[in-house]
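Down below is the structure, laid out as C-alpha cells.
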Amino acid sequence: GAHRATGTGRSRWRSALPWAILVLALVSWGIALPTLDSAKVSQFGLLASGSPALLVSILLVVVGFAAAVRRGQVSAATAATIAMVIVQRATVSIATAVPLYSWTYKHLGVVDYIATHGHVARGVDIYQGWPGLFAATAWFSKISGVAPMTIAHWFTPAMHLMLAGLVIVMARTWGAPPLVAVSASFLVESLNWVGQDYYSPQATALVLAIAVLIVAGLCRDRPVAPWLIVLLFSGITITHQLTPYWLLLATGLLAITRRLRPWWLPGVLMAIAGGYLLLNWHVASQFTLLSLNPVANAQSNIATTGSFGQIVTSRIVRALSVGLWATAAVSAVVERRNRRPVLARLILAFSSFILLGGQGYGGEAIFRVFLYALPGCALLVAPLAVRMVQAKFLARGVATVALLVAVAASAQGYYGGWFANRMTKDQVEFSEQLLERAPYPSYLTVAAPVWPERPLGRYVDFARFKAGYDYPMVYAAKLVGSHFDTDKDYEAFTHLITDRAGGPTYLIISQQMEIYDTYFGILPPGALQNLRDRMLKDPRLTVVFNTGEVIVFETAPTLPNSSTAPAASGTAAK
C-alpha cells in the first residue's frame with residue numbers, strides 16, 4: 001500500500017510538471033512585458049535589447065511542451081500551444097501602442113474608404129482590387145463599434161489562435177492522432193518567423209487556406225461538401241493575389257494523385273481564380289505576372305546589404321528554413337519505411353516551391369514559400385518529433401535541444417526587425433492629420449522608407465492625381481546608399497521635388513526612417529541627418545512642421561494657412 005501511494009504521488013507530480021513549467025513561462029513573460037516598450041534600439045532586435053525574460057518565457061514554453069509530449073498529455077500540449085501564441089504573438093499587441101509595419105496603414109486606408117463610400121475605388125491600386133479583408137473589416141467595425149485601428153492592433157494574436165485551432169483540425173482530418181495533431185500546431189506556431197501575421201490579406205488568406213485543406217482532408221476518399229471548398233476558395237480569391245494559386249497547385253496535385261474527390265474540383269477553382277484575375281486585369285497587368293527564372297524569383301526583396309544585426313538574423317532564418325525542409329524530407333522517409341502514407345503530406349509541404357518557377361511576387365515569393373510549406377512540413381515532422389521526445393534519454397535530449405534551438409532561431413527572425421518596423425502613435429496621428437488637411441492636389445512624399453502612409457480613405461484622391469504621390473524619394477532619385485554629403489547627390493534629390501507640377505510637395509523625414517534605412521542598408525548612418533541639415537539651409541524649402549521625431553518641408557514659398565496645414569502637437573518651426 002505504501003508503495004502504491006508513493007507511485008501515485010510521483011505520477012501526480014509528473015503529470016503536474018508540464019503545467020508548472022507553463023505557469024513559470026507566463027510569469028517570466030509577465031516580468032518582461034513592462035520593460036519592452038522602453039527597450040533601447042538594437043540592430044539585433046527586441047530579444048537582444050529587451051528583457052531576457054521574454055526569451056526565457058518562450059523557451060520555457062518549449063520545455064513545457066516537451067514535458068507534455070513525453071507524458072502523452074494532449075491537454076497540456078494544447079495549453080503549451082496556446083501559451084506560445086500568448087508569449088510570442090500577444091507581445092506584439094501589448095508592447096506597442098499602434099500596429100507594427102508601415103504597410104499596415106495602407107490596408108487601413110482601404111478600410112476607411114470602403115466604410116466612407118460604401119464601395120471600392122476600382123483601378124486606383126491593387127488593394128482596391130482584392131478587398132475581401134478590408135470590406136469585412138469595414139462591415140464588422142460598423143456593426144460592432146470597434147475601430148479598424150483596434151482591430152488591426154489585436155489582429156495578430158487573434159489570427160494565431162484561429163490558426164492554431166485550425167491546424168489541429170487539419171492534422172486530424174489528414175489522419176494524425178490527437179497528440180501528433182497538437183504537436184503539428186505547436187510547430188506551426190513556434191517556427192513561423194516570417195512575420196506575415198499582421199493585419200493583412202496574406203494572414204487572412206492563410207487561415208482560410210487551412211480551412212480549405214481541412215475540407216480537402218475529408219474529401220480524400222469521397223466528396224464531402226466540396227461546395228464548402230469552393231466557397232472558402234472564393235473568399236481567398238477576392239482577398240489575396242497569390243494564395244489561390246498555391247492552393248490550385250496543391251489541390252491539383254492531390255486530385256491527380258487521387259487524394260482529393262471529386263477530380264474536377266481544381267478545374268472549378270481555376271475558373272474562379274482566372275475569372276477574378278481577368279476582372280482586375282487593368283491593375284494586375286501592371287505587375288510581372290510570369291517570370292520563368294526560379295533563381296531570380298527566389299531572391300529576397302531586400303536588395304541592399306543591411307546592418308550586421310540584419311545579416312545575422314537573415315542567415316539564422318535561412319538556416320532554420322533549410323533545416324525544417326530537410327527534417328520534413330527525412331521524416332517523410334521514416335514514415336514511408338514505417339508503411340505510413342506520405343504523398344499527400346509531401347504535396348502540402350513542398351507544392352509551394354513550384355511558385356518559384358513562375359512568379360517572384362515582388363521579391364517576397366521565397367517568404368511565401370516557407371509560409372505555405374510550414375503546415376505541411378509540420379504534418380511530416382510532428383510524428384517523428386513525438387516519437388523522439390517519447391524515446392529514451394539520448395533521442396529525447398536531441399529532439400528537445402533541436403526544438404529549443406529552432407524556436408529560438410524563429411523568435412530571433414520574428415523579433416529581429418522589431419525596432420525597424422515599429423510605428424509610434426505620434427507618427428500615425430500626424431500621418432492621418434497630414435493626409436486629411438493637406439491641400440489637394442499635392443505630393444505627400446517621404447524622403448526614404450518607412451512611414452505610415454495612406455492611413456485614410458482620402459489617399460484615393462491623391463492617388464488619382466498622381467499614382468506615386470508618396471513614393472520614397474531615395475528610390476525615385478536612385479540615391480540608395482547615398483550619404484548626402486555632396487552637392488551632386490543633394491541636387492539630384494531636390495531637383496525632383498522642386499520641379500513637380502500640379503501642387504506643392506510635403507517632404508517628410510522621421511527618426512524611424514533613420515532606424516529602418518540603416519537596418520536594411522538603404523541609407524548609411526547619418527545620411528538622413530545630412531539631408532535634413534542641407535534642406536534647412538535651402539531657401540527653396542520651408543519647414544511647416546518640426547518636432548524631435550518628425551520634420552516636414554514644403555516646396556511652396558509660404559506657409560500654408562490653418563485650413564490646410566496639419567495640426568502640430570509639437571514645436572512649429574519659425
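Just remember, in the C-alpha cells the first chain shown is A, the second B, etc., residues are 1-based per chain, and ligands are 1-based in the order shown.
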
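For Asp426 of chain A, the non-local neighbours within 12 Å, defined as residues at least 2 positions apart in the same chain or in other chains and counting only C-alpha atoms, are A:Ala97, A:Val98, A:Met423, A:Thr424, A:Val428, A:Glu429, A:Phe430, A:Ser431, A:Glu432, A:Gln433, A:Trp451, A:Pro452, A:Ser510, A:Gln511, A:Gln512, A:Thr547, A:Gly548, A:Glu549, A:Val550, A:Ala567, A:Ala568, A:Ser569, A:Gly570.
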
7 Å contact set for segment 195-197 of chain A, only C-alpha atoms, chain neighbours under 5 positions out, as a short mmCIF file (atom, residue, chain, number, x, y, z; two decimals) with C-alpha atoms, in the first residue's frame:
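Result went into out_34.cif, see below:
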data_model
loop_
_atom_site.label_atom_id
_atom_site.label_comp_id
_atom_site.auth_asym_id
_atom_site.auth_seq_id
_atom_site.Cartn_x
_atom_site.Cartn_y
_atom_site.Cartn_z
CA THR A 156 -2.01 39.12 -34.71
CA GLN A 202 -2.00 37.28 -46.58
CA ALA A 203 -2.64 36.37 -42.95
CA TYR A 414 10.40 37.32 -35.84
#

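Separating atom CA of Val401 of chain A from atom CA of Ala68 of chain A is a distance of 15.5 Å.
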
From A:Leu47, A:Val460, A:Ile238, A:Ala53, residue lying nearest Leu26 of chain A [only C-alpha atoms]: A:Ala53

So which residues touch Asn338 of chain A within 12 Å, counting only C-alpha atoms, skipping near sequence neighbours fewer than 6 positions away, as a PDB file with C-alpha atoms, in the first residue's frame?
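Listed below is the output, out-v4.pdb:
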ATOM      1  CA  SER A 331      10.544  12.431 -41.655  1.00  0.00           C
ATOM      2  CA  ALA A 332       8.846  11.501 -44.924  1.00  0.00           C
ATOM      3  CA  PRO A 383       5.134  12.205 -35.818  1.00  0.00           C
ATOM      4  CA  LEU A 384       8.933  11.953 -35.749  1.00  0.00           C
TER       5      LEU A 384
END

Backbone-only DSSP, strand (DSSP E) members of segment 420-503 of chain A, as a list in words: Tyr443, Leu444, Thr445 and Val446 of chain A

Quick one: write out the picked residues with N, CA, C and O atoms as a CSV table (one decimal), in the first residue's frame?
chain,number,residue,atom,x,y,z
A,443,TYR,N,1.7,66.6,-53.2
A,443,TYR,CA,2.5,65.4,-53.0
A,443,TYR,C,2.9,65.2,-51.6
A,443,TYR,O,3.4,66.2,-51.0
A,444,LEU,N,2.5,64.1,-51.0
A,444,LEU,CA,2.9,63.8,-49.6
A,444,LEU,C,4.0,62.8,-49.6
A,444,LEU,O,3.7,61.6,-49.6
A,445,THR,N,5.2,63.2,-49.7
A,445,THR,CA,6.3,62.3,-50.0
A,445,THR,C,7.3,62.1,-48.8
A,445,THR,O,7.6,63.1,-48.1
A,446,VAL,N,7.8,60.9,-48.7
A,446,VAL,CA,8.8,60.6,-47.7
A,446,VAL,C,10.1,60.6,-48.3
A,446,VAL,O,10.3,60.3,-49.5

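Among A:Gln43, A:Ser285, A:Thr518, A:Thr237, the residue with the shortest atom-to-atom distance to Val312 of chain A, counting only C-alpha atoms, is A:Gln43.
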
Atom CA of Ala448 of chain A to atom CA of Met473 of chain A, straight-line distance in Å: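 Spanning atom CA of Met473 of chain A to atom CA of Ala448 of chain A is a straight-line distance of 6.0 Å.
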
Within 9 Å of segment 142-153 of chain A using only C-alpha atoms, minus same-chain residues under 6 positions, as an MDAnalysis selection string: chainID A and resid 92:94 96:100 104:105 108 111:112 115 198:200
